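This report refers to the structure that appears directly beneath it.
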Amino acid sequence: MSKASSFLLFITISFFLITPGCLLSRVIQFKGQLCHFDDNFAIEVQEELHILFFKPILLDQDVRYLAGAEPSETYIKDNQLIMKYVVHKTSYDSDSKYDIPIRLFLYKEGGGYKLSECVVSKNLNRLLTPELISRAMKSACKSTPHILGTDVKFKISDMERTLCPTKNDLFSLFGKPNRVSEDGSVMWYEFRLLGHESKWNKAIIETHYDHSGKELLRVKVKYFRYDFDADFVSKNAVVRVRFM
């Protein structure tokens, strides 16, 4: 969604900052590319939205590690590996129209497959804009995380709340929430990766709005071993890793 999806992308990039091992080296290189966005990435809107990686770094095993799961579908065509993750809403109105399929194209280079393109479902096109995604990715480059134990804290001053989703935006994309607070200001949505029943592959999105429902004040996301909490009033965000 222009908005919610860019947060997911922003969240994913934030998680990269705290990943150990050989993957960390590749992630640091990837983060460096974000500082020169136009030289390393392009965003194209066709029927679907395409994010292109000019200088691929992340391998297929990196994607699996970061996602915490195998893809819902995977197949090889010519010299490319195609991985498809489908995020499915878990509620009484869990119609497939609320599914968010994300396809990843990885081209064979050397001894492995490297991520070169991400294609986001066409049901997000009317909300997802290239400008918003580029803002989200660039903000990850500019962030200066402070590591405290298993937490990474950073500023999100570059993220404008005017670009955040309204309640109506979320209704259009996700349908009715799984839960709503008594005053209607807080909503919870629950999703699960299609083909995965483990509790670790469940995602919970919690949103806090002002009385008008047009201004997002805070968003929390829990998935796998990660917690993300962005407070758009204080302009602070925290990514936390839970050891399993």
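Ordered as shown in the structure tokens, chains take letters A, B, and onward, while each chain numbers its residues from 1 and ligands are numbered from 1 in the order shown.
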Contact residues around segment 212-223 of chain A with only C-alpha atoms at 8 Å, ignoring same-chain residues under 3 positions, as a PyMOL selection string: chain A and resi 161-162+164-168+185+200-209+226-233
Could you write out that same residue set with N, CA and C atoms as a PDB file, in the first residue's frame?
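Everything below was put into out-v3.pdb:
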ATOM      1  N   ARG A 161       4.483  12.090   8.310  1.00  0.00           N
ATOM      2  CA  ARG A 161       3.219  11.435   8.638  1.00  0.00           C
ATOM      3  C   ARG A 161       2.154  11.658   7.576  1.00  0.00           C
ATOM      4  N   THR A 162       2.326  12.697   6.764  1.00  0.00           N
ATOM      5  CA  THR A 162       1.357  12.945   5.697  1.00  0.00           C
ATOM      6  C   THR A 162       1.390  11.832   4.650  1.00  0.00           C
ATOM      7  N   CYS A 164       1.770   8.655   5.541  1.00  0.00           N
ATOM      8  CA  CYS A 164       1.349   7.432   6.211  1.00  0.00           C
ATOM      9  C   CYS A 164      -0.090   7.079   5.839  1.00  0.00           C
ATOM     10  N   PRO A 165      -0.465   5.805   5.964  1.00  0.00           N
ATOM     11  CA  PRO A 165      -1.823   5.394   5.598  1.00  0.00           C
ATOM     12  C   PRO A 165      -2.879   5.902   6.578  1.00  0.00           C
ATOM     13  N   THR A 166      -4.025   6.300   6.051  1.00  0.00           N
ATOM     14  CA  THR A 166      -5.162   6.632   6.893  1.00  0.00           C
ATOM     15  C   THR A 166      -5.910   5.348   7.213  1.00  0.00           C
ATOM     16  N   LYS A 167      -6.909   5.448   8.071  1.00  0.00           N
ATOM     17  CA  LYS A 167      -7.722   4.265   8.374  1.00  0.00           C
ATOM     18  C   LYS A 167      -8.385   3.724   7.115  1.00  0.00           C
ATOM     19  N   ASN A 168      -8.903   4.626   6.299  1.00  0.00           N
ATOM     20  CA  ASN A 168      -9.574   4.193   5.069  1.00  0.00           C
ATOM     21  C   ASN A 168      -8.622   3.479   4.124  1.00  0.00           C
ATOM     22  N   SER A 185      -9.385   3.993  18.131  1.00  0.00           N
ATOM     23  CA  SER A 185      -8.112   4.621  17.750  1.00  0.00           C
ATOM     24  C   SER A 185      -7.004   3.606  17.470  1.00  0.00           C
ATOM     25  N   TRP A 200       5.726 -18.706  14.480  1.00  0.00           N
ATOM     26  CA  TRP A 200       6.801 -17.772  14.170  1.00  0.00           C
ATOM     27  C   TRP A 200       6.573 -17.071  12.829  1.00  0.00           C
ATOM     28  N   ASN A 201       5.670 -17.616  12.008  1.00  0.00           N
ATOM     29  CA  ASN A 201       5.424 -17.017  10.710  1.00  0.00           C
ATOM     30  C   ASN A 201       4.147 -16.184  10.699  1.00  0.00           C
ATOM     31  N   LYS A 202       3.739 -15.763  11.887  1.00  0.00           N
ATOM     32  CA  LYS A 202       2.581 -14.890  12.034  1.00  0.00           C
ATOM     33  C   LYS A 202       3.049 -13.453  12.229  1.00  0.00           C
ATOM     34  N   ALA A 203       2.380 -12.534  11.564  1.00  0.00           N
ATOM     35  CA  ALA A 203       2.714 -11.111  11.703  1.00  0.00           C
ATOM     36  C   ALA A 203       1.515 -10.367  12.285  1.00  0.00           C
ATOM     37  N   ILE A 204       1.769  -9.501  13.239  1.00  0.00           N
ATOM     38  CA  ILE A 204       0.718  -8.673  13.833  1.00  0.00           C
ATOM     39  C   ILE A 204       1.077  -7.209  13.613  1.00  0.00           C
ATOM     40  N   ILE A 205       0.160  -6.472  13.014  1.00  0.00           N
ATOM     41  CA  ILE A 205       0.350  -5.040  12.787  1.00  0.00           C
ATOM     42  C   ILE A 205      -0.616  -4.289  13.682  1.00  0.00           C
ATOM     43  N   GLU A 206      -0.093  -3.396  14.487  1.00  0.00           N
ATOM     44  CA  GLU A 206      -0.901  -2.582  15.411  1.00  0.00           C
ATOM     45  C   GLU A 206      -0.738  -1.111  15.038  1.00  0.00           C
ATOM     46  N   THR A 207      -1.852  -0.428  14.773  1.00  0.00           N
ATOM     47  CA  THR A 207      -1.789   0.974  14.371  1.00  0.00           C
ATOM     48  C   THR A 207      -2.567   1.857  15.347  1.00  0.00           C
ATOM     49  N   HIS A 208      -2.011   3.035  15.622  1.00  0.00           N
ATOM     50  CA  HIS A 208      -2.647   4.016  16.503  1.00  0.00           C
ATOM     51  C   HIS A 208      -2.928   5.281  15.693  1.00  0.00           C
ATOM     52  N   TYR A 209      -4.178   5.768  15.756  1.00  0.00           N
ATOM     53  CA  TYR A 209      -4.579   6.950  14.990  1.00  0.00           C
ATOM     54  C   TYR A 209      -5.120   8.045  15.897  1.00  0.00           C
ATOM     55  N   TYR A 226      11.344 -10.681  15.382  1.00  0.00           N
ATOM     56  CA  TYR A 226      11.524  -9.237  15.318  1.00  0.00           C
ATOM     57  C   TYR A 226      10.326  -8.463  15.863  1.00  0.00           C
ATOM     58  N   ASP A 227      10.618  -7.378  16.568  1.00  0.00           N
ATOM     59  CA  ASP A 227       9.601  -6.401  16.968  1.00  0.00           C
ATOM     60  C   ASP A 227      10.015  -5.050  16.403  1.00  0.00           C
ATOM     61  N   PHE A 228       9.049  -4.317  15.874  1.00  0.00           N
ATOM     62  CA  PHE A 228       9.320  -2.979  15.358  1.00  0.00           C
ATOM     63  C   PHE A 228       8.297  -2.035  15.949  1.00  0.00           C
ATOM     64  N   ASP A 229       8.777  -0.882  16.429  1.00  0.00           N
ATOM     65  CA  ASP A 229       7.886   0.104  17.042  1.00  0.00           C
ATOM     66  C   ASP A 229       8.305   1.485  16.559  1.00  0.00           C
ATOM     67  N   ALA A 230       7.453   2.120  15.761  1.00  0.00           N
ATOM     68  CA  ALA A 230       7.746   3.457  15.240  1.00  0.00           C
ATOM     69  C   ALA A 230       6.751   4.461  15.808  1.00  0.00           C
ATOM     70  N   ASP A 231       7.257   5.447  16.505  1.00  0.00           N
ATOM     71  CA  ASP A 231       6.434   6.502  17.106  1.00  0.00           C
ATOM     72  C   ASP A 231       6.621   7.766  16.280  1.00  0.00           C
ATOM     73  N   PHE A 232       5.596   8.132  15.511  1.00  0.00           N
ATOM     74  CA  PHE A 232       5.723   9.268  14.600  1.00  0.00           C
ATOM     75  C   PHE A 232       5.513  10.607  15.288  1.00  0.00           C
ATOM     76  N   VAL A 233       5.170  10.568  16.563  1.00  0.00           N
ATOM     77  CA  VAL A 233       5.061  11.797  17.337  1.00  0.00           C
ATOM     78  C   VAL A 233       6.443  12.186  17.867  1.00  0.00           C
TER      79      VAL A 233
END
Of the candidates A:Phe174, A:Phe105, A:Tyr98, A:Trp188, which shows the shortest atom-to-atom distance to Asp60 of chain A, using only C-alpha atoms?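 Using only C-alpha atoms, the shortest distance to Asp60 of chain A belongs to A:Phe105.
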In Å, how far is it from atom CA of Val45 of chain A to atom CA of Tyr107 of chain A?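 Between atom CA of Val45 of chain A and atom CA of Tyr107 of chain A the gap works out to 21.1 Å.
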Atom CA of Phe30 of chain A and atom CA of Ile156 of chain A, how far apart in Å?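 Distance between the two atoms: 19.3 Å.
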What is the distance between atom CA of Leu81 of chain A and atom CA of Gly68 of chain A, in Å to one decimal?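 So the two atoms, atom CA of Leu81 of chain A and atom CA of Gly68 of chain A, lie 18.2 Å apart.
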Residue nearest Glu70 of chain A among A:Leu58, A:Val186, A:Ile28, A:Leu194 (counting only C-alpha atoms):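 Smallest separation from Glu70 of chain A among the options: A:Leu194.
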Residue nearest Arg26 of chain A - candidates A:Ile100, A:Ala42, A:Leu115, A:Ile76, atoms counted: only C-alpha atoms: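 Among the listed residues, the smallest separation from Arg26 of chain A belongs to A:Leu115.
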I need the residue nearest Gln29 of chain A from this list: A:Asp78, A:Phe41, A:Val238, A:Pro56. Use only C-alpha atoms for the distance.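 Using only C-alpha atoms, Gln29 of chain A sits closest to A:Pro56.
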Proximity to Ile43 of chain A - best of A:Val239, A:Val180, A:Val63, A:Met137, only C-alpha atoms: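 Smallest separation from Ile43 of chain A among the options: A:Met137.
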